[in-house]
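Source file: model_34.pdb; contents: PDB, C-alpha atoms.
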```pdb
ATOM      1  CA  MET A  14     176.853  68.734 113.618
ATOM      2  CA  LYS A  15     175.424  66.590 116.365
ATOM      3  CA  GLN A  16     175.341  69.642 118.616
ATOM      4  CA  LEU A  17     173.326  71.613 116.036
ATOM      5  CA  HIS A  18     170.846  68.751 115.808
ATOM      6  CA  TRP A  19     170.201  68.827 119.539
ATOM      7  CA  MET A  20     169.869  72.627 119.545
ATOM      8  CA  ALA A  21     167.216  72.511 116.807
ATOM      9  CA  LEU A  22     165.305  69.814 118.652
ATOM     10  CA  GLY A  23     165.359  71.846 121.870
ATOM     11  CA  LEU A  24     164.095  74.925 120.079
ATOM     12  CA  LEU A  25     161.218  72.948 118.595
ATOM     13  CA  VAL A  26     160.212  71.635 122.045
ATOM     14  CA  PHE A  27     160.372  75.156 123.489
ATOM     15  CA  VAL A  28     158.120  76.596 120.794
ATOM     16  CA  ALA A  29     155.603  73.756 121.188
ATOM     17  CA  ALA A  30     155.497  74.253 124.951
ATOM     18  CA  GLY A  31     154.981  77.981 124.512
ATOM     19  CA  CYS A  32     152.082  77.457 122.152
ATOM     20  CA  ALA A  33     150.461  74.950 124.452
ATOM     21  CA  GLY A  34     150.670  77.279 127.449
ATOM     22  CA  SER A  35     149.376  80.422 125.725
ATOM     23  CA  THR A  36     145.781  81.656 126.328
ATOM     24  CA  PRO A  37     143.281  81.271 123.440
ATOM     25  CA  ALA A  38     142.748  84.353 121.263
ATOM     26  CA  LYS A  39     139.578  86.327 121.920
ATOM     27  CA  GLU A  40     136.668  85.677 119.581
ATOM     28  CA  LYS A  41     136.072  88.364 116.924
ATOM     29  CA  PRO A  42     132.962  90.482 117.435
ATOM     30  CA  ALA A  43     129.983  89.708 115.212
ATOM     31  CA  VAL A  44     129.947  91.670 111.990
ATOM     32  CA  ASP A  45     127.160  94.289 111.781
ATOM     33  CA  ARG A  46     124.941  93.223 108.869
ATOM     34  CA  PHE A  47     123.475  96.720 108.531
ATOM     35  CA  PRO A  48     126.246  99.290 109.099
ATOM     36  CA  ASP A  49     125.112 102.901 109.305
ATOM     37  CA  ASP A  50     127.175 103.980 106.310
ATOM     38  CA  GLN A  51     125.256 101.540 104.086
ATOM     39  CA  PHE A  52     121.779 101.473 105.633
ATOM     40  CA  LEU A  53     119.278 103.872 107.172
ATOM     41  CA  THR A  54     117.679 101.965 110.047
ATOM     42  CA  ALA A  55     114.881 102.226 112.604
ATOM     43  CA  GLU A  56     113.940  99.805 115.369
ATOM     44  CA  ALA A  57     110.632  99.192 117.112
ATOM     45  CA  VAL A  58     108.958  96.637 119.382
ATOM     46  CA  GLY A  59     105.599  94.907 119.215
ATOM     47  CA  ALA A  60     103.600  92.222 120.981
ATOM     48  CA  THR A  61     103.833  89.981 117.898
ATOM     49  CA  GLU A  62     106.321  89.691 115.045
ATOM     50  CA  GLY A  63     103.823  91.321 112.692
ATOM     51  CA  GLU A  64     103.231  94.282 115.012
ATOM     52  CA  ALA A  65     106.959  94.755 115.508
ATOM     53  CA  LYS A  66     107.578  94.751 111.740
ATOM     54  CA  ARG A  67     104.814  97.264 111.061
ATOM     55  CA  ALA A  68     106.002  99.505 113.870
ATOM     56  CA  ALA A  69     109.593  99.395 112.605
ATOM     57  CA  MET A  70     108.573 100.304 109.059
ATOM     58  CA  ALA A  71     106.403 103.159 110.374
ATOM     59  CA  GLU A  72     109.275 104.408 112.513
ATOM     60  CA  LEU A  73     111.675 104.334 109.572
ATOM     61  CA  ALA A  74     109.198 106.329 107.461
ATOM     62  CA  ALA A  75     108.657 108.838 110.297
ATOM     63  CA  VAL A  76     112.381 109.357 110.887
ATOM     64  CA  PHE A  77     113.073 109.707 107.190
ATOM     65  CA  GLU A  78     110.082 111.986 106.612
ATOM     66  CA  SER A  79     110.980 114.378 109.445
ATOM     67  CA  ARG A  80     114.569 114.743 108.237
ATOM     68  CA  VAL A  81     113.507 115.232 104.620
ATOM     69  CA  TYR A  82     110.847 117.790 105.563
ATOM     70  CA  ALA A  83     113.297 119.834 107.654
ATOM     71  CA  ARG A  84     115.911 119.859 104.888
ATOM     72  CA  THR A  85     113.336 120.635 102.175
ATOM     73  CA  VAL A  86     112.079 123.672 104.071
ATOM     74  CA  GLN A  87     115.688 124.713 104.679
ATOM     75  CA  GLN A  88     116.450 124.462 100.962
ATOM     76  CA  ALA A  89     113.278 126.301  99.950
ATOM     77  CA  THR A  90     114.075 129.082 102.436
ATOM     78  CA  ALA A  91     117.593 129.364 101.017
ATOM     79  CA  TRP A  92     116.308 130.320  97.558
ATOM     80  CA  MET A  93     113.216 132.228  98.672
ATOM     81  CA  GLY A  94     114.385 134.070 101.768
ATOM     82  CA  GLU A  95     112.936 133.881 105.264
ATOM     83  CA  GLY A  96     109.215 133.580 105.727
ATOM     84  CA  LEU A  97     107.768 131.062 103.305
ATOM     85  CA  PRO A  98     104.236 131.916 102.177
ATOM     86  CA  GLU A  99     101.788 129.813 104.198
ATOM     87  CA  GLN A 100     100.327 128.142 101.115
ATOM     88  CA  PHE A 101     103.795 127.260  99.823
ATOM     89  CA  ASP A 102     104.862 125.900 103.216
ATOM     90  CA  LYS A 103     101.756 123.664 103.229
ATOM     91  CA  GLN A 104     102.615 122.474  99.725
ATOM     92  CA  VAL A 105     106.122 121.501 100.873
ATOM     93  CA  GLU A 106     104.700 119.518 103.771
ATOM     94  CA  GLN A 107     102.054 117.828 101.626
ATOM     95  CA  THR A 108     104.557 116.895  98.907
ATOM     96  CA  VAL A 109     106.987 115.341 101.379
ATOM     97  CA  ARG A 110     104.330 113.416 103.298
ATOM     98  CA  ILE A 111     102.495 112.124 100.234
ATOM     99  CA  ARG A 112     105.638 110.832  98.566
ATOM    100  CA  THR A 113     107.455 109.389 101.590
ATOM    101  CA  ASP A 114     105.467 106.151 101.725
ATOM    102  CA  VAL A 115     105.812 105.633  97.980
ATOM    103  CA  GLN A 116     109.506 106.411  97.875
ATOM    104  CA  LEU A 117     110.343 104.093 100.792
ATOM    105  CA  LYS A 118     109.243 101.086  98.772
ATOM    106  CA  GLY A 119     112.851  99.819  98.918
ATOM    107  CA  ALA A 120     112.685  99.531 102.697
ATOM    108  CA  ARG A 121     112.524  96.071 104.252
ATOM    109  CA  ILE A 122     112.755  94.261 107.563
ATOM    110  CA  GLY A 123     116.351  93.357 108.334
ATOM    111  CA  ARG A 124     115.774  91.214 111.395
ATOM    112  CA  VAL A 125     113.205  90.255 114.028
ATOM    113  CA  GLN A 126     114.111  88.803 117.409
ATOM    114  CA  PRO A 127     112.498  88.250 120.794
ATOM    115  CA  ASP A 128     112.760  91.216 123.156
ATOM    116  CA  ASP A 129     113.982  89.762 126.443
ATOM    117  CA  VAL A 130     113.633  93.075 128.276
ATOM    118  CA  ALA A 131     110.214  94.392 127.273
ATOM    119  CA  GLY A 132     108.731  91.122 126.061
ATOM    120  CA  GLY A 133     107.277  90.576 122.616
ATOM    121  CA  PHE A 134     109.521  91.146 119.622
ATOM    122  CA  ARG A 135     111.990  93.732 118.360
ATOM    123  CA  ALA A 136     112.223  94.438 114.610
ATOM    124  CA  LEU A 137     114.733  96.413 112.580
ATOM    125  CA  ALA A 138     113.632  98.166 109.371
ATOM    126  CA  VAL A 139     116.399  99.013 106.908
ATOM    127  CA  LEU A 140     116.757 101.067 103.733
ATOM    128  CA  ASP A 141     119.753 100.386 101.498
ATOM    129  CA  ARG A 142     121.319 103.807 100.967
ATOM    130  CA  ARG A 143     123.003 102.950  97.661
ATOM    131  CA  GLN A 144     119.877 101.526  96.033
ATOM    132  CA  ALA A 145     117.730 104.478  97.153
ATOM    133  CA  ILE A 146     120.368 106.998  96.052
ATOM    134  CA  SER A 147     120.551 105.435  92.590
ATOM    135  CA  ARG A 148     116.750 105.563  92.202
ATOM    136  CA  TRP A 149     116.448 109.164  93.432
ATOM    137  CA  GLN A 150     119.328 110.433  91.329
ATOM    138  CA  ARG A 151     117.463 109.263  88.236
ATOM    139  CA  GLU A 152     114.252 110.876  89.480
ATOM    140  CA  LEU A 153     116.133 114.109  90.193
ATOM    141  CA  VAL A 154     117.403 114.344  86.619
ATOM    142  CA  GLU A 155     113.901 113.690  85.251
ATOM    143  CA  THR A 156     112.411 116.371  87.509
ATOM    144  CA  GLN A 157     115.059 118.931  86.558
ATOM    145  CA  MET A 158     114.374 118.300  82.877
ATOM    146  CA  ALA A 159     110.624 118.702  83.465
ATOM    147  CA  ILE A 160     111.184 122.044  85.243
ATOM    148  CA  GLU A 161     113.364 123.297  82.413
ATOM    149  CA  GLY A 162     110.731 122.359  79.847
ATOM    150  CA  GLN A 163     107.905 124.017  81.809
ATOM    151  CA  VAL A 164     109.899 127.224  82.311
ATOM    152  CA  GLN A 165     110.731 127.434  78.598
ATOM    153  CA  ALA A 166     107.043 126.967  77.741
ATOM    154  CA  LEU A 167     105.926 129.655  80.206
ATOM    155  CA  ASP A 168     106.481 132.531  77.750
ATOM    156  CA  GLY A 169     103.862 131.046  75.436
ATOM    157  CA  VAL A 170     101.141 130.775  78.104
ATOM    158  CA  ASN A 171      98.419 133.403  77.756
ATOM    159  CA  GLY A 172      95.661 134.203  80.218
ATOM    160  CA  ARG A 173      96.058 134.975  83.912
ATOM    161  CA  LEU A 174      94.378 131.805  85.189
ATOM    162  CA  SER A 175      96.201 129.659  82.627
ATOM    163  CA  ARG A 176      99.515 131.284  83.579
ATOM    164  CA  LEU A 177      98.773 130.738  87.272
ATOM    165  CA  ALA A 178      98.134 127.066  86.510
ATOM    166  CA  ALA A 179     101.487 126.849  84.676
ATOM    167  CA  LEU A 180     103.305 128.549  87.580
ATOM    168  CA  ASN A 181     101.607 126.154  90.010
ATOM    169  CA  ARG A 182     102.932 123.193  88.006
ATOM    170  CA  ILE A 183     106.466 124.606  87.965
ATOM    171  CA  THR A 184     106.380 125.360  91.690
ATOM    172  CA  ALA A 185     105.137 121.852  92.452
ATOM    173  CA  LEU A 186     108.036 120.423  90.433
ATOM    174  CA  MET A 187     110.434 122.693  92.308
ATOM    175  CA  VAL A 188     109.113 121.393  95.617
ATOM    176  CA  ARG A 189     109.544 117.852  94.329
ATOM    177  CA  GLN A 190     113.121 118.599  93.288
ATOM    178  CA  SER A 191     113.899 120.015  96.736
ATOM    179  CA  ALA A 192     112.366 116.950  98.367
ATOM    180  CA  ILE A 193     114.489 114.610  96.224
ATOM    181  CA  GLU A 194     117.629 116.626  96.972
ATOM    182  CA  SER A 195     116.750 116.417 100.665
ATOM    183  CA  ARG A 196     116.341 112.632 100.458
ATOM    184  CA  LEU A 197     119.747 112.309  98.860
ATOM    185  CA  SER A 198     121.261 114.540 101.519
ATOM    186  CA  VAL A 199     119.666 112.537 104.334
ATOM    187  CA  LEU A 200     121.150 109.383 102.803
ATOM    188  CA  GLY A 201     124.632 110.923 102.663
ATOM    189  CA  ARG A 202     124.749 112.110  99.046
ATOM    190  CA  PRO A 203     124.206 115.903  99.105
ATOM    191  CA  VAL A 204     123.495 117.615  95.787
ATOM    192  CA  ALA A 205     125.197 120.833  94.705
ATOM    193  CA  PRO A 206     122.635 123.671  94.547
ATOM    194  CA  GLY A 207     121.401 124.558  91.080
ATOM    195  CA  LEU A 208     121.656 127.935  89.375
ATOM    196  CA  ASP A 209     117.929 128.339  88.670
ATOM    197  CA  ASP A 210     116.288 131.610  89.631
ATOM    198  CA  ARG A 211     113.658 129.792  91.626
ATOM    199  CA  ALA A 212     112.721 132.791  93.736
ATOM    200  CA  ASP A 213     111.512 134.634  90.630
ATOM    201  CA  ILE A 214     109.102 131.825  89.752
ATOM    202  CA  VAL A 215     107.643 131.748  93.264
ATOM    203  CA  VAL A 216     107.319 135.543  93.382
ATOM    204  CA  GLN A 217     105.473 135.515  90.049
ATOM    205  CA  ARG A 218     103.119 132.846  91.311
ATOM    206  CA  GLU A 219     102.368 134.569  94.628
ATOM    207  CA  GLN A 220     101.824 137.948  92.947
ATOM    208  CA  LEU A 221      99.500 136.544  90.305
ATOM    209  CA  ALA A 222      97.534 134.551  92.905
ATOM    210  CA  ARG A 223      96.923 137.772  94.866
ATOM    211  CA  ASP A 224      95.940 139.760  91.781
ATOM    212  CA  VAL A 225      93.488 137.227  90.332
ATOM    213  CA  SER A 226      89.864 138.322  90.755
ATOM    214  CA  LEU A 227      86.623 136.538  89.861
ATOM    215  CA  PHE A 228      83.363 137.737  88.326
ATOM    216  CA  ILE A 229      80.085 135.818  88.766
ATOM    217  CA  GLN A 230      77.546 135.833  85.933
ATOM    218  CA  LEU A 231      74.781 133.244  86.249
ATOM    219  CA  ASP A 232      71.400 132.733  84.603
ATOM    220  CA  GLY A 233      68.147 131.373  86.026
ATOM    221  CA  ASN A 234      65.460 132.605  88.438
ATOM    222  CA  PRO A 235      67.336 131.599  91.632
ATOM    223  CA  ALA A 236      70.594 133.109  90.292
ATOM    224  CA  PRO A 237      70.541 136.295  92.490
ATOM    225  CA  PRO A 238      70.322 134.504  95.887
ATOM    226  CA  PHE A 239      72.731 131.831  94.640
ATOM    227  CA  THR A 240      75.216 134.536  93.551
ATOM    228  CA  ARG A 241      75.017 136.340  96.903
ATOM    229  CA  ARG A 242      75.659 133.132  98.801
ATOM    230  CA  LEU A 243      78.492 132.047  96.493
ATOM    231  CA  ASN A 244      80.079 135.491  96.730
ATOM    232  CA  ALA A 245      80.021 135.379 100.528
ATOM    233  CA  LEU A 246      81.488 131.868 100.681
ATOM    234  CA  LEU A 247      84.334 132.545  98.215
ATOM    235  CA  SER A 248      85.160 135.882  99.853
ATOM    236  CA  GLY A 249      85.269 134.143 103.206
ATOM    237  CA  ASP A 250      87.828 131.724 101.777
ATOM    238  CA  GLY A 251      90.042 134.638 100.741
ATOM    239  CA  TYR A 252      89.229 134.862  97.026
ATOM    240  CA  ARG A 253      88.778 138.262  95.392
ATOM    241  CA  LEU A 254      85.387 138.930  93.782
ATOM    242  CA  THR A 255      84.876 141.933  91.528
ATOM    243  CA  PRO A 256      81.647 143.557  90.262
ATOM    244  CA  TYR A 257      83.394 144.429  86.991
ATOM    245  CA  ARG A 258      83.786 141.728  84.380
ATOM    246  CA  ASP A 259      86.463 143.613  82.416
ATOM    247  CA  GLU A 260      88.914 143.471  85.346
ATOM    248  CA  ALA A 261      88.275 139.824  86.250
ATOM    249  CA  ALA A 262      90.738 137.046  85.461
ATOM    250  CA  GLY A 263      88.176 134.307  86.006
ATOM    251  CA  LEU A 264      84.500 134.104  85.064
ATOM    252  CA  ILE A 265      82.076 131.940  87.030
ATOM    253  CA  THR A 266      79.178 131.298  84.702
ATOM    254  CA  GLY A 267      76.330 128.828  84.238
ATOM    255  CA  ILE A 268      72.668 128.154  84.986
ATOM    256  CA  ILE A 269      70.880 127.801  88.348
ATOM    257  CA  ARG A 270      67.375 126.335  88.553
ATOM    258  CA  VAL A 271      64.976 124.831  91.070
ATOM    259  CA  GLN A 272      62.556 121.963  90.599
ATOM    260  CA  PRO A 273      59.567 121.021  92.855
ATOM    261  CA  LEU A 274      59.420 117.312  93.717
ATOM    262  CA  GLU A 275      56.328 115.237  94.456
ATOM    263  CA  LEU A 276      57.377 112.616  97.003
ATOM    264  CA  GLY A 277      53.941 111.634  98.327
ATOM    265  CA  ASN A 278      53.948 113.808 101.469
ATOM    266  CA  PRO A 279      51.218 116.513 101.261
ATOM    267  CA  ASP A 280      52.446 118.268 104.423
ATOM    268  CA  VAL A 281      56.025 118.897 103.203
ATOM    269  CA  ARG A 282      57.321 120.680 100.119
ATOM    270  CA  PHE A 283      60.408 119.208  98.486
ATOM    271  CA  ILE A 284      62.610 121.351  96.249
ATOM    272  CA  ARG A 285      65.719 120.390  94.311
ATOM    273  CA  ALA A 286      68.207 123.133  93.386
ATOM    274  CA  MET A 287      70.558 122.392  90.495
ATOM    275  CA  ALA A 288      73.690 124.271  89.433
ATOM    276  CA  ASP A 289      75.574 123.804  86.175
ATOM    277  CA  VAL A 290      78.647 126.018  86.663
ATOM    278  CA  GLN A 291      81.879 126.617  84.744
ATOM    279  CA  LEU A 292      85.093 128.479  85.635
ATOM    280  CA  VAL A 293      86.500 130.236  82.565
ATOM    281  CA  ASP A 294      89.776 132.051  81.916
ATOM    282  CA  VAL A 295      88.498 135.456  80.778
ATOM    283  CA  ASP A 296      91.667 136.339  78.857
ATOM    284  CA  THR A 297      91.570 133.256  76.638
ATOM    285  CA  ASP A 298      87.948 132.112  76.973
ATOM    286  CA  THR A 299      89.290 128.716  78.070
ATOM    287  CA  GLN A 300      87.227 126.545  80.429
ATOM    288  CA  ILE A 301      89.281 125.732  83.526
ATOM    289  CA  ALA A 302      86.762 123.627  85.464
ATOM    290  CA  ALA A 303      83.090 122.599  85.367
ATOM    291  CA  PHE A 304      80.662 121.400  88.059
ATOM    292  CA  ASP A 305      77.165 119.922  87.995
ATOM    293  CA  GLU A 306      75.742 119.941  91.535
ATOM    294  CA  SER A 307      72.294 119.450  93.044
ATOM    295  CA  VAL A 308      70.772 119.613  96.539
ATOM    296  CA  ARG A 309      67.292 118.584  97.751
ATOM    297  CA  LYS A 310      65.654 120.290 100.730
ATOM    298  CA  ALA A 311      62.232 120.022 102.362
ATOM    299  CA  HIS A 312      60.047 122.420 104.366
ATOM    300  CA  VAL A 313      56.383 123.065 105.026
ATOM    301  CA  ASP A 314      56.814 126.336 103.136
ATOM    302  CA  GLU A 315      57.819 125.959  99.483
ATOM    303  CA  GLY A 316      59.750 129.236  99.447
ATOM    304  CA  GLU A 317      61.807 128.242 102.482
ATOM    305  CA  ALA A 318      62.519 124.843 100.960
ATOM    306  CA  ALA A 319      63.737 126.554  97.783
ATOM    307  CA  ARG A 320      65.936 128.989  99.745
ATOM    308  CA  ARG A 321      67.576 126.165 101.681
ATOM    309  CA  ALA A 322      68.153 124.147  98.519
ATOM    310  CA  VAL A 323      69.727 127.112  96.701
ATOM    311  CA  GLU A 324      72.025 127.882  99.638
ATOM    312  CA  GLY A 325      72.966 124.225  99.895
ATOM    313  CA  VAL A 326      73.938 123.901  96.256
ATOM    314  CA  ALA A 327      75.842 127.213  96.488
ATOM    315  CA  GLY A 328      77.881 125.719  99.318
ATOM    316  CA  GLN A 329      78.743 122.667  97.249
ATOM    317  CA  VAL A 330      79.757 124.765  94.254
ATOM    318  CA  ALA A 331      81.859 127.060  96.462
ATOM    319  CA  GLN A 332      83.773 124.071  97.809
ATOM    320  CA  LYS A 333      84.433 122.735  94.309
ATOM    321  CA  LEU A 334      85.524 126.167  93.043
ATOM    322  CA  ALA A 335      87.854 126.706  95.998
ATOM    323  CA  LEU A 336      89.432 123.304  95.420
ATOM    324  CA  ALA A 337      89.818 123.980  91.694
ATOM    325  CA  LEU A 338      91.428 127.378  92.328
ATOM    326  CA  SER A 339      93.787 126.125  95.045
ATOM    327  CA  THR A 340      94.992 123.223  92.893
ATOM    328  CA  LEU A 341      94.891 125.021  89.551
ATOM    329  CA  GLY A 342      97.108 123.171  87.091
ATOM    330  CA  LEU A 343      98.081 120.472  89.569
ATOM    331  CA  ALA A 344      97.388 116.813  88.798
ATOM    332  CA  ALA A 345      96.714 114.391  91.639
ATOM    333  CA  ASP A 346      99.972 112.831  92.806
TER
END
```
For the structure just supplied, provide its representation as structure tokens.
Amino acid sequence: MKQLHWMALGLLVFVAAGCAGSTPAKEKPAVDRFPDDQFLTAEAVGATEGEAKRAAMAELAAVFESRVYARTVQQATAWMGEGLPEQFDKQVEQTVRIRTDVQLKGARIGRVQPDDVAGGFRALAVLDRRQAISRWQRELVETQMAIEGQVQALDGVNGRLSRLAALNRITALMVRQSAIESRLSVLGRPVAPGLDDRADIVVQREQLARDVSLFIQLDGNPAPPFTRRLNALLSGDGYRLTPYRDEAAGLITGIIRVQPLELGNPDVRFIRAMADVQLVDVDTDTQIAAFDESVRKAHVDEGEAARRAVEGVAGQVAQKLALALSTLGLAAD
């Protein structure tokens, strides 16, 4: 028994000596507060903390935007085929860029620290993947429901311009859906492709946009020169003008007039040209857009002043009509 006692004591001394002589364990590496599987990140430097933060947020938006745009175009090409129409490609780009800043509202600055190498400060912008995914999944469902509702209502839309407006709205929603799906994919949550016949909607829209023609019918003494100028400007922008009202989808109608102005200068004639113009869907007699524009011009010759004023107001109306036709049915985002 005594021998066992001494053996136990010796073993205890041996273990204690071994522990005392062993080297300390290495320190554990610092835990990454923003791991890549949980956060989308971007880093930037700046002379001040504020500049570094702004630069980091801008970099995060740029990185995210470029990835989303590339994937959105890839998705759109998958259901349309190669060679997106130029107008549609521009719409994809505009939709992605407009919404990126808004949709990155969950982004924040994760850390700011002095930059010992370059000087100034280094900031890290972060976007929580899970929070953004949750928000965009809800938005995706809402957008899909809106598309379904618009497509179901399409059969009841009469009039070529009105139908083009409805197709524009559906296409814009489709672009938005693709952009949301791209965001989810960029954040690591790809969405299974839907079964919608999206290509058919886009083909309908492109075909109708090409077939739509416009007829100009204006009243007032300066109407002929105004009509010639407006015709030239709209044709130059790629819109089809027809001399036959019965084949037109859209009617440009209204009143053009000129008014002499007395501004106290006997050597110069001042003329104001005024245009009250409406764009009407011929098939349904529905007003699509309306403009009330005026331009004042001066010249020593009253006729020349009137000509310049009429051409000026025609230019303004042409710009408004082109904008209305290119965004037909689309609300500002």
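Using all atoms listed in the file, the smallest distance between any of A:Asp259, A:Ala245, A:Gln87, A:Asp141 and Val188 (chain A) comes from A:Gln87.
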* To do: Could you give me, as a list in words, the residues within 7 Å of region 126-139 of chain A, counting only C-alpha atoms and dropping anything in the same chain fewer than 2 positions from it?
  => Phe52, Leu53, Thr54, Ala55, Glu56, Ala57, Val58, Gly59, Ala60, Thr61, Glu62, Ala65, Lys66, Ala69, Met70, Leu73, Ala120, Arg121, Ile122, Gly123, Arg124 and Asp141 of chain A
* Structure fact -> Nearest to Ile265 (chain A), restricted to all atoms listed in the file and choosing among A:Ala145, A:Leu177, A:Val293, A:Leu341, comes out as A:Val293
* Structure fact -> Atom pair CA of Ala318 (chain A) + CA of Lys333 (chain A), distance 23.0 Å
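Of the residues under consideration (A:Ala178, A:Ile183, A:Val204, A:Val323), A:Val204 shows the shortest atom-to-atom contact distance to Trp149 (chain A) when counting all atoms listed in the file.
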How big is the axis-aligned box around all listed atoms of region 302-320 of chain A once 6 Å goes on each side, and where's its centre, in Å to one decimal, as AutoDock Vina command-line options?
```
--center_x 71.6 --center_y 123.9 --center_z 95.2 --size_x 42.4 --size_y 22.7 --size_z 31.7
```
* Structure fact -> CA of Glu306 (chain A) sits from CA of Gly342 (chain A) at a separation of 22.1 Å
* Between A:Pro235, A:Gly162, A:Gly63, A:Pro279, which has the minimum distance to Arg320 (chain A) (counting all atoms listed in the file)? -> A:Pro235
With the PyMOL selection byres ((chain A and resi 172) around 9) as the selection, what would be picked from this file? Answer as a compact mmCIF listing (two decimals) with C-alpha atoms, in the coordinates of the input, please.
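The new file out_13.txt reads:
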```
# COMPACT_ATOMS: atom_id res chain seq x y z
CA VAL A 170 101.14 130.78 78.10
CA ASN A 171 98.42 133.40 77.76
CA ARG A 173 96.06 134.98 83.91
CA LEU A 174 94.38 131.80 85.19
CA SER A 175 96.20 129.66 82.63
CA ARG A 176 99.52 131.28 83.58
CA LEU A 177 98.77 130.74 87.27
CA ALA A 262 90.74 137.05 85.46
CA ASP A 294 89.78 132.05 81.92
CA VAL A 295 88.50 135.46 80.78
CA ASP A 296 91.67 136.34 78.86
CA THR A 297 91.57 133.26 76.64
CA ASP A 298 87.95 132.11 76.97
CA THR A 299 89.29 128.72 78.07
```
* Straight-line distance linking CA of Ser191 (chain A) with CA of Gln150 (chain A), stated in Å to one decimal -> 12.3 Å
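This file gives the following result for the PyMOL selection byres ((chain A and resi 226) around 8): Asp224, Val225, Leu227, Phe228, Tyr252, Arg253, Leu254, Thr255, Glu260, Ala261, Ala262 and Gly263 of chain A.
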For C-alpha atoms, I'd like the residues from the last selection saved as a JSON list (two decimals), in the frame of the given file.
```
[["chain", "number", "residue", "atom", "x", "y", "z"],
["A", 224, "ASP", "CA", 95.94, 139.76, 91.78],
["A", 225, "VAL", "CA", 93.49, 137.23, 90.33],
["A", 227, "LEU", "CA", 86.62, 136.54, 89.86],
["A", 228, "PHE", "CA", 83.36, 137.74, 88.33],
["A", 252, "TYR", "CA", 89.23, 134.86, 97.03],
["A", 253, "ARG", "CA", 88.78, 138.26, 95.39],
["A", 254, "LEU", "CA", 85.39, 138.93, 93.78],
["A", 255, "THR", "CA", 84.88, 141.93, 91.53],
["A", 260, "GLU", "CA", 88.91, 143.47, 85.35],
["A", 261, "ALA", "CA", 88.28, 139.82, 86.25],
["A", 262, "ALA", "CA", 90.74, 137.05, 85.46],
["A", 263, "GLY", "CA", 88.18, 134.31, 86.01]]
```
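Among the candidate residues A:Asp49, A:Glu161, A:Gln332, A:Asp289, the one lying nearest to Asp250 (chain A) is A:Gln332, with distances computed using all atoms listed in the file.
Counting all atoms listed in the file and comparing A:Ala166, A:Val308, A:Ala222, A:Ala236, the residue that lies closest to Gly325 (chain A) is A:Val308.
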* Expected selection from the PyMOL selection byres ((chain A and resi 290) around 8), given as JSON, numbers by chain -> {"A": [265, 266, 267, 268, 288, 289, 291, 292, 303, 304, 305, 330]}
* Please provide as number ranges by chain all residues within 10 Å of Met187 (chain A), with the sequence filter that same-chain residues fewer than 4 positions apart are discarded (counting only C-alpha atoms). => A: 89, 105, 156-157, 159-160, 181-183, 191-193, 211, 214-215
* To do: Give me the residues within 12 Å of Arg282 (chain A) as a PyMOL selection string, counting all atoms listed in the file and dropping any in the same chain fewer than 3 places off.
  => chain A and resi 272-279+285+309-322
